[in-house]
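Asks: One file: my_file11.tsv (TSV, N, CA and C atoms).
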```tsv
chain	number	residue	atom	x	y	z
A	1	MET	N	-54.80	-127.71	-225.79
A	1	MET	CA	-54.34	-127.59	-224.45
A	1	MET	C	-54.17	-126.12	-224.06
A	2	LYS	N	-53.81	-125.33	-225.04
A	2	LYS	CA	-53.69	-123.91	-224.76
A	2	LYS	C	-55.02	-123.34	-224.33
A	3	LYS	N	-56.06	-123.88	-224.94
A	3	LYS	CA	-57.40	-123.40	-224.59
A	3	LYS	C	-57.69	-123.70	-223.14
A	4	ARG	N	-57.34	-124.87	-222.76
A	4	ARG	CA	-57.60	-125.26	-221.37
A	4	ARG	C	-56.79	-124.38	-220.41
A	5	ILE	N	-55.56	-124.13	-220.73
A	5	ILE	CA	-54.71	-123.31	-219.86
A	5	ILE	C	-55.27	-121.89	-219.82
A	6	LEU	N	-55.68	-121.40	-221.00
A	6	LEU	CA	-56.26	-120.06	-221.03
A	6	LEU	C	-57.58	-120.01	-220.27
A	7	SER	N	-58.40	-121.04	-220.44
A	7	SER	CA	-59.67	-121.10	-219.71
A	7	SER	C	-59.41	-121.17	-218.21
A	8	LEU	N	-58.48	-122.04	-217.86
A	8	LEU	CA	-58.13	-122.19	-216.45
A	8	LEU	C	-57.56	-120.87	-215.91
A	9	SER	N	-56.73	-120.19	-216.68
A	9	SER	CA	-56.17	-118.91	-216.27
A	9	SER	C	-57.26	-117.87	-216.11
A	10	ALA	N	-58.22	-117.87	-217.02
A	10	ALA	CA	-59.33	-116.92	-216.95
A	10	ALA	C	-60.16	-117.18	-215.71
A	11	ILE	N	-60.42	-118.45	-215.41
A	11	ILE	CA	-61.20	-118.80	-214.21
A	11	ILE	C	-60.44	-118.38	-212.95
A	12	VAL	N	-59.13	-118.66	-212.94
A	12	VAL	CA	-58.31	-118.28	-211.77
A	12	VAL	C	-58.30	-116.76	-211.64
A	13	LEU	N	-58.16	-116.05	-212.75
A	13	LEU	CA	-58.15	-114.60	-212.72
A	13	LEU	C	-59.47	-114.05	-212.20
A	14	VAL	N	-60.58	-114.60	-212.66
A	14	VAL	CA	-61.91	-114.17	-212.18
A	14	VAL	C	-62.05	-114.48	-210.70
A	15	ALA	N	-61.59	-115.64	-210.27
A	15	ALA	CA	-61.68	-116.03	-208.86
A	15	ALA	C	-60.83	-115.09	-207.99
A	16	VAL	N	-59.63	-114.79	-208.49
A	16	VAL	CA	-58.75	-113.89	-207.72
A	16	VAL	C	-59.37	-112.50	-207.66
A	17	ALA	N	-59.94	-112.02	-208.78
A	17	ALA	CA	-60.57	-110.70	-208.82
A	17	ALA	C	-61.77	-110.66	-207.87
A	18	MET	N	-62.56	-111.73	-207.87
A	18	MET	CA	-63.72	-111.79	-206.97
A	18	MET	C	-63.27	-111.82	-205.51
A	19	ASN	N	-62.24	-112.60	-205.26
A	19	ASN	CA	-61.70	-112.72	-203.91
A	19	ASN	C	-61.12	-111.37	-203.46
A	20	ALA	N	-60.43	-110.68	-204.37
A	20	ALA	CA	-59.86	-109.37	-204.05
A	20	ALA	C	-60.97	-108.37	-203.75
A	21	GLN	N	-62.04	-108.44	-204.50
A	21	GLN	CA	-63.19	-107.55	-204.27
A	21	GLN	C	-63.79	-107.83	-202.89
A	22	THR	N	-63.92	-109.09	-202.53
A	22	THR	CA	-64.47	-109.48	-201.23
A	22	THR	C	-63.55	-109.00	-200.11
A	23	VAL	N	-62.24	-109.19	-200.30
A	23	VAL	CA	-61.27	-108.75	-199.30
A	23	VAL	C	-61.34	-107.23	-199.17
A	24	LYS	N	-61.46	-106.53	-200.29
A	24	LYS	CA	-61.54	-105.08	-200.28
A	24	LYS	C	-62.78	-104.62	-199.51
A	25	GLN	N	-63.89	-105.30	-199.75
A	25	GLN	CA	-65.12	-104.96	-199.03
A	25	GLN	C	-64.99	-105.24	-197.53
A	26	GLU	N	-64.36	-106.34	-197.19
A	26	GLU	CA	-64.16	-106.69	-195.77
A	26	GLU	C	-63.25	-105.66	-195.09
A	27	VAL	N	-62.19	-105.27	-195.77
A	27	VAL	CA	-61.27	-104.29	-195.21
A	27	VAL	C	-62.00	-102.96	-195.03
A	28	LYS	N	-62.77	-102.57	-196.03
A	28	LYS	CA	-63.54	-101.33	-195.95
A	28	LYS	C	-64.52	-101.38	-194.78
A	29	LYS	N	-65.18	-102.52	-194.64
A	29	LYS	CA	-66.14	-102.71	-193.55
A	29	LYS	C	-65.44	-102.66	-192.19
A	30	ASP	N	-64.29	-103.33	-192.09
A	30	ASP	CA	-63.53	-103.33	-190.83
A	30	ASP	C	-63.03	-101.92	-190.49
A	31	ALA	N	-62.56	-101.20	-191.51
A	31	ALA	CA	-62.07	-99.84	-191.29
A	31	ALA	C	-63.21	-98.95	-190.79
A	32	LYS	N	-64.39	-99.12	-191.36
A	32	LYS	CA	-65.54	-98.33	-190.93
A	32	LYS	C	-65.90	-98.67	-189.48
A	33	THR	N	-65.85	-99.96	-189.14
A	33	THR	CA	-66.14	-100.38	-187.76
A	33	THR	C	-65.14	-99.78	-186.79
A	34	VAL	N	-63.87	-99.83	-187.16
A	34	VAL	CA	-62.82	-99.25	-186.31
A	34	VAL	C	-63.05	-97.74	-186.18
A	35	GLY	N	-63.34	-97.09	-187.28
A	35	GLY	CA	-63.60	-95.64	-187.26
A	35	GLY	C	-64.77	-95.30	-186.34
A	36	ASN	N	-65.85	-96.08	-186.43
A	36	ASN	CA	-67.00	-95.85	-185.56
A	36	ASN	C	-66.63	-96.06	-184.09
A	37	ALA	N	-65.86	-97.11	-183.82
A	37	ALA	CA	-65.45	-97.40	-182.44
A	37	ALA	C	-64.59	-96.26	-181.89
A	38	VAL	N	-63.66	-95.78	-182.72
A	38	VAL	CA	-62.80	-94.66	-182.30
A	38	VAL	C	-63.65	-93.42	-182.03
A	39	GLU	N	-64.60	-93.17	-182.91
A	39	GLU	CA	-65.47	-92.00	-182.74
A	39	GLU	C	-66.29	-92.12	-181.45
A	40	LYS	N	-66.84	-93.30	-181.20
A	40	LYS	CA	-67.61	-93.53	-179.97
A	40	LYS	C	-66.72	-93.37	-178.74
A	41	GLY	N	-65.50	-93.90	-178.83
A	41	GLY	CA	-64.56	-93.77	-177.72
A	41	GLY	C	-64.22	-92.31	-177.45
A	42	ALA	N	-63.98	-91.56	-178.51
A	42	ALA	CA	-63.67	-90.14	-178.36
A	42	ALA	C	-64.85	-89.39	-177.75
A	43	LYS	N	-66.04	-89.74	-178.20
A	43	LYS	CA	-67.24	-89.11	-177.68
A	43	LYS	C	-67.42	-89.44	-176.20
A	44	ALA	N	-67.21	-90.71	-175.86
A	44	ALA	CA	-67.33	-91.13	-174.46
A	44	ALA	C	-66.27	-90.45	-173.60
A	45	THR	N	-65.07	-90.32	-174.12
A	45	THR	CA	-63.99	-89.65	-173.39
A	45	THR	C	-64.36	-88.19	-173.17
A	46	GLY	N	-64.89	-87.56	-174.20
A	46	GLY	CA	-65.32	-86.16	-174.08
A	46	GLY	C	-66.40	-86.01	-173.02
A	47	GLU	N	-67.36	-86.92	-173.02
A	47	GLU	CA	-68.43	-86.90	-172.00
A	47	GLU	C	-67.84	-87.12	-170.61
A	48	GLY	N	-66.89	-88.06	-170.52
A	48	GLY	CA	-66.27	-88.34	-169.22
A	48	GLY	C	-65.52	-87.13	-168.69
A	49	VAL	N	-64.79	-86.47	-169.57
A	49	VAL	CA	-64.05	-85.27	-169.17
A	49	VAL	C	-65.02	-84.18	-168.75
A	50	LYS	N	-66.09	-84.02	-169.50
A	50	LYS	CA	-67.10	-83.00	-169.19
A	50	LYS	C	-67.73	-83.30	-167.83
A	51	ASP	N	-68.11	-84.56	-167.60
A	51	ASP	CA	-68.71	-84.95	-166.32
A	51	ASP	C	-67.72	-84.75	-165.16
A	52	ALA	N	-66.47	-85.11	-165.40
A	52	ALA	CA	-65.45	-84.94	-164.35
A	52	ALA	C	-65.25	-83.47	-164.02
A	53	ALA	N	-65.28	-82.63	-165.02
A	53	ALA	CA	-65.13	-81.19	-164.78
A	53	ALA	C	-66.30	-80.65	-163.97
A	54	LYS	N	-67.51	-81.10	-164.30
A	54	LYS	CA	-68.69	-80.68	-163.53
A	54	LYS	C	-68.56	-81.15	-162.09
A	55	TRP	N	-68.18	-82.41	-161.91
A	55	TRP	CA	-68.05	-82.98	-160.55
A	55	TRP	C	-67.00	-82.22	-159.76
A	56	THR	N	-65.88	-81.92	-160.40
A	56	THR	CA	-64.81	-81.19	-159.72
A	56	THR	C	-65.29	-79.81	-159.30
A	57	GLY	N	-66.01	-79.15	-160.19
A	57	GLY	CA	-66.55	-77.82	-159.87
A	57	GLY	C	-67.51	-77.87	-158.70
A	58	LYS	N	-68.43	-78.85	-158.73
A	58	LYS	CA	-69.41	-78.98	-157.64
A	58	LYS	C	-68.70	-79.30	-156.33
A	59	THR	N	-67.72	-80.19	-156.38
A	59	THR	CA	-67.00	-80.59	-155.16
A	59	THR	C	-66.23	-79.41	-154.59
A	60	ALA	N	-65.60	-78.64	-155.46
A	60	ALA	CA	-64.86	-77.46	-155.00
A	60	ALA	C	-65.81	-76.45	-154.38
A	61	GLU	N	-66.97	-76.30	-154.98
A	61	GLU	CA	-67.98	-75.36	-154.44
A	61	GLU	C	-68.46	-75.83	-153.07
A	62	LYS	N	-68.73	-77.12	-152.94
A	62	LYS	CA	-69.15	-77.67	-151.65
A	62	LYS	C	-68.05	-77.47	-150.60
A	63	GLY	N	-66.81	-77.70	-151.00
A	63	GLY	CA	-65.69	-77.52	-150.08
A	63	GLY	C	-65.58	-76.07	-149.62
A	64	ALA	N	-65.78	-75.14	-150.54
A	64	ALA	CA	-65.71	-73.71	-150.19
A	64	ALA	C	-66.82	-73.36	-149.21
A	65	LYS	N	-68.03	-73.87	-149.46
A	65	LYS	CA	-69.15	-73.61	-148.56
A	65	LYS	C	-68.88	-74.20	-147.18
A	66	ALA	N	-68.38	-75.43	-147.15
A	66	ALA	CA	-68.08	-76.09	-145.87
A	66	ALA	C	-67.00	-75.33	-145.12
A	67	THR	N	-66.00	-74.84	-145.83
A	67	THR	CA	-64.94	-74.07	-145.19
A	67	THR	C	-65.51	-72.78	-144.61
A	68	ALA	N	-66.36	-72.10	-145.37
A	68	ALA	CA	-66.98	-70.86	-144.89
A	68	ALA	C	-67.80	-71.13	-143.64
A	69	GLU	N	-68.58	-72.23	-143.65
A	69	GLU	CA	-69.37	-72.61	-142.48
A	69	GLU	C	-68.47	-72.90	-141.29
A	70	GLY	N	-67.38	-73.62	-141.55
A	70	GLY	CA	-66.44	-73.96	-140.47
A	70	GLY	C	-65.81	-72.71	-139.86
A	71	VAL	N	-65.43	-71.77	-140.71
A	71	VAL	CA	-64.83	-70.53	-140.21
A	71	VAL	C	-65.86	-69.75	-139.40
A	72	LYS	N	-67.09	-69.69	-139.91
A	72	LYS	CA	-68.16	-68.97	-139.21
A	72	LYS	C	-68.43	-69.62	-137.85
A	73	ASP	N	-68.56	-70.94	-137.84
A	73	ASP	CA	-68.80	-71.66	-136.59
A	73	ASP	C	-67.63	-71.48	-135.63
A	74	GLY	N	-66.42	-71.52	-136.16
A	74	GLY	CA	-65.23	-71.33	-135.32
A	74	GLY	C	-65.20	-69.94	-134.70
A	75	ALA	N	-65.60	-68.94	-135.48
A	75	ALA	CA	-65.62	-67.57	-134.95
A	75	ALA	C	-66.68	-67.45	-133.85
A	76	GLU	N	-67.84	-68.05	-134.09
A	76	GLU	CA	-68.90	-68.02	-133.06
A	76	GLU	C	-68.44	-68.73	-131.79
A	77	TRP	N	-67.83	-69.89	-131.94
A	77	TRP	CA	-67.35	-70.64	-130.78
A	77	TRP	C	-66.29	-69.84	-130.03
A	78	THR	N	-65.37	-69.22	-130.78
A	78	THR	CA	-64.32	-68.42	-130.15
A	78	THR	C	-64.93	-67.26	-129.37
A	79	GLY	N	-65.93	-66.60	-129.98
A	79	GLY	CA	-66.59	-65.49	-129.29
A	79	GLY	C	-67.26	-65.94	-128.01
A	80	LYS	N	-67.99	-67.05	-128.08
A	80	LYS	CA	-68.68	-67.57	-126.89
A	80	LYS	C	-67.66	-67.97	-125.82
A	81	THR	N	-66.60	-68.64	-126.25
A	81	THR	CA	-65.58	-69.10	-125.30
A	81	THR	C	-64.87	-67.91	-124.65
A	82	ALA	N	-64.59	-66.89	-125.43
A	82	ALA	CA	-63.93	-65.69	-124.88
A	82	ALA	C	-64.84	-65.02	-123.87
A	83	THR	N	-66.14	-64.96	-124.16
A	83	THR	CA	-67.09	-64.36	-123.23
A	83	THR	C	-67.13	-65.16	-121.93
A	84	LYS	N	-67.21	-66.49	-122.07
A	84	LYS	CA	-67.21	-67.34	-120.87
A	84	LYS	C	-65.93	-67.14	-120.07
A	85	GLY	N	-64.80	-67.08	-120.78
A	85	GLY	CA	-63.52	-66.89	-120.11
A	85	GLY	C	-63.46	-65.55	-119.38
A	86	ALA	N	-64.00	-64.50	-120.00
A	86	ALA	CA	-64.00	-63.17	-119.37
A	86	ALA	C	-64.87	-63.20	-118.11
A	87	LYS	N	-66.03	-63.84	-118.21
A	87	LYS	CA	-66.92	-63.93	-117.04
A	87	LYS	C	-66.24	-64.72	-115.92
A	88	ALA	N	-65.62	-65.83	-116.27
A	88	ALA	CA	-64.95	-66.65	-115.27
A	88	ALA	C	-63.79	-65.89	-114.63
A	89	THR	N	-63.05	-65.15	-115.45
A	89	THR	CA	-61.93	-64.36	-114.92
A	89	THR	C	-62.45	-63.29	-113.96
A	90	LYS	N	-63.52	-62.61	-114.38
A	90	LYS	CA	-64.10	-61.56	-113.53
A	90	LYS	C	-64.55	-62.15	-112.19
A	91	LYS	N	-65.21	-63.30	-112.25
A	91	LYS	CA	-65.67	-63.97	-111.03
A	91	LYS	C	-64.48	-64.40	-110.17
A	92	GLY	N	-63.44	-64.93	-110.83
A	92	GLY	CA	-62.24	-65.36	-110.11
A	92	GLY	C	-61.55	-64.19	-109.42
A	93	VAL	N	-61.46	-63.06	-110.10
A	93	VAL	CA	-60.84	-61.87	-109.51
A	93	VAL	C	-61.67	-61.39	-108.32
A	94	LYS	N	-62.98	-61.39	-108.49
A	94	LYS	CA	-63.88	-60.96	-107.40
A	94	LYS	C	-63.71	-61.87	-106.19
A	95	ASN	N	-63.71	-63.18	-106.42
A	95	ASN	CA	-63.54	-64.14	-105.32
A	95	ASN	C	-62.15	-64.00	-104.68
A	96	ALA	N	-61.14	-63.77	-105.50
A	96	ALA	CA	-59.79	-63.60	-104.97
A	96	ALA	C	-59.71	-62.35	-104.11
A	97	ALA	N	-60.39	-61.30	-104.55
A	97	ALA	CA	-60.39	-60.06	-103.76
A	97	ALA	C	-61.07	-60.30	-102.41
A	98	LYS	N	-62.18	-61.01	-102.42
A	98	LYS	CA	-62.87	-61.34	-101.15
A	98	LYS	C	-61.93	-62.15	-100.25
A	99	TRP	N	-61.32	-63.17	-100.83
A	99	TRP	CA	-60.44	-64.05	-100.05
A	99	TRP	C	-59.26	-63.26	-99.49
A	100	THR	N	-58.69	-62.41	-100.34
A	100	THR	CA	-57.56	-61.60	-99.90
A	100	THR	C	-57.98	-60.68	-98.76
A	101	GLY	N	-59.16	-60.08	-98.91
A	101	GLY	CA	-59.67	-59.20	-97.84
A	101	GLY	C	-59.88	-59.95	-96.54
A	102	LYS	N	-60.50	-61.11	-96.63
A	102	LYS	CA	-60.74	-61.93	-95.43
A	102	LYS	C	-59.42	-62.35	-94.80
A	103	THR	N	-58.50	-62.79	-95.62
A	103	THR	CA	-57.21	-63.26	-95.12
A	103	THR	C	-56.43	-62.10	-94.49
A	104	ALA	N	-56.48	-60.94	-95.11
A	104	ALA	CA	-55.79	-59.78	-94.56
A	104	ALA	C	-56.40	-59.40	-93.22
A	105	LYS	N	-57.71	-59.46	-93.15
A	105	LYS	CA	-58.40	-59.13	-91.89
A	105	LYS	C	-57.99	-60.11	-90.80
A	106	LYS	N	-57.98	-61.41	-91.17
A	106	LYS	CA	-57.57	-62.44	-90.20
A	106	LYS	C	-56.13	-62.18	-89.75
A	107	GLY	N	-55.27	-61.84	-90.71
A	107	GLY	CA	-53.88	-61.57	-90.40
A	107	GLY	C	-53.76	-60.36	-89.48
A	108	ALA	N	-54.53	-59.33	-89.76
A	108	ALA	CA	-54.50	-58.13	-88.93
A	108	ALA	C	-55.00	-58.45	-87.52
A	109	ASN	N	-56.06	-59.24	-87.44
A	109	ASN	CA	-56.59	-59.64	-86.13
A	109	ASN	C	-55.56	-60.46	-85.36
A	110	ALA	N	-54.86	-61.34	-86.07
A	110	ALA	CA	-53.85	-62.17	-85.41
A	110	ALA	C	-52.71	-61.31	-84.90
A	111	VAL	N	-52.29	-60.34	-85.72
A	111	VAL	CA	-51.22	-59.44	-85.30
A	111	VAL	C	-51.68	-58.63	-84.08
A	112	SER	N	-52.92	-58.15	-84.15
A	112	SER	CA	-53.46	-57.36	-83.05
A	112	SER	C	-53.53	-58.19	-81.77
A	113	ASP	N	-54.01	-59.43	-81.91
A	113	ASP	CA	-54.09	-60.31	-80.73
A	113	ASP	C	-52.70	-60.57	-80.17
A	114	THR	N	-51.74	-60.82	-81.05
A	114	THR	CA	-50.37	-61.08	-80.62
A	114	THR	C	-49.82	-59.85	-79.91
A	115	TYR	N	-50.09	-58.68	-80.45
A	115	TYR	CA	-49.62	-57.42	-79.85
A	115	TYR	C	-50.21	-57.26	-78.45
A	116	LYS	N	-51.51	-57.56	-78.34
A	116	LYS	CA	-52.17	-57.46	-77.03
A	116	LYS	C	-51.54	-58.45	-76.05
A	117	ASP	N	-51.29	-59.67	-76.52
A	117	ASP	CA	-50.69	-60.69	-75.66
A	117	ASP	C	-49.30	-60.25	-75.19
A	118	VAL	N	-48.53	-59.73	-76.11
A	118	VAL	CA	-47.18	-59.28	-75.78
A	118	VAL	C	-47.26	-58.10	-74.80
A	119	LYS	N	-48.18	-57.20	-75.03
A	119	LYS	CA	-48.35	-56.03	-74.18
A	119	LYS	C	-48.75	-56.47	-72.76
A	120	ASP	N	-49.67	-57.45	-72.71
A	120	ASP	CA	-50.10	-57.98	-71.42
A	120	ASP	C	-48.93	-58.65	-70.70
A	121	ASP	N	-48.13	-59.39	-71.45
A	121	ASP	CA	-46.98	-60.06	-70.86
A	121	ASP	C	-45.98	-59.03	-70.31
A	122	ILE	N	-45.77	-57.97	-71.03
A	122	ILE	CA	-44.83	-56.93	-70.61
A	122	ILE	C	-45.36	-56.27	-69.32
A	123	LYS	N	-46.67	-56.01	-69.25
A	123	LYS	CA	-47.27	-55.41	-68.05
A	123	LYS	C	-47.12	-56.33	-66.85
A	124	LYS	N	-47.24	-57.61	-67.07
A	124	LYS	CA	-47.12	-58.58	-65.98
A	124	LYS	C	-45.70	-58.61	-65.44
A	125	LYS	N	-44.74	-58.45	-66.29
A	125	LYS	CA	-43.35	-58.48	-65.88
A	125	LYS	C	-42.98	-57.20	-65.16
A	126	ASP	N	-43.64	-56.16	-65.41
A	126	ASP	CA	-43.31	-54.89	-64.77
A	126	ASP	C	-43.83	-54.89	-63.41
```
How does the structure come out when it is put into structure tokens?
Replies:
Amino acid sequence: MKKRILSLSAIVLVAVAMNAQTVKQEVKKDAKTVGNAVEKGAKATGEGVKDAAKWTGKTAEKGAKATAEGVKDGAEWTGKTATKGAKATKKGVKNAAKWTGKTAKKGANAVSDTYKDVKDDIKKKD
């Protein structure tokens, strides 16, 4: 019976050793898979960061160019508008001077006519 127990123990020991070897190989395989996945993830993250940095740089550059264009266009518009405003002001002053001259002349004529009327009235009373 001891032989049987020893044989059975030897078989169990061999089975456990084989099973342990299989488990060890599976763990090693799983660890390698995890390591590869982590490495791929890190690589992808690095690529993503690199791409994001490029995109940010390009976007900032485009924004700077657009701002420069906007400032340039704004300066041109301001210059054109100021020129138009100066011309309109000059024309307005010229027209106002004409109107003032005409109005003053009319006023002077009215005063003169009134003076003549008053003078005529005074002569009639005398």
Asks: Could you tell me how far atom C of A:Thr67 lies from atom N of A:Gly79, in Å and to one decimal?
Replies: 15.9 Å
Asks: Hey, can you check how far atom N of A:Glu47 sits from atom CA of A:Ala60?
Replies: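 Interatomic distance, atom N of A:Glu47 to atom CA of A:Ala60: 20.5 Å.
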Asks: Which value, in Å to one decimal, gives the distance between atom CA of A:Gly101 and atom CA of A:Thr89?
Replies: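 Going from atom CA of A:Gly101 over to atom CA of A:Thr89, I get 18.0 Å.
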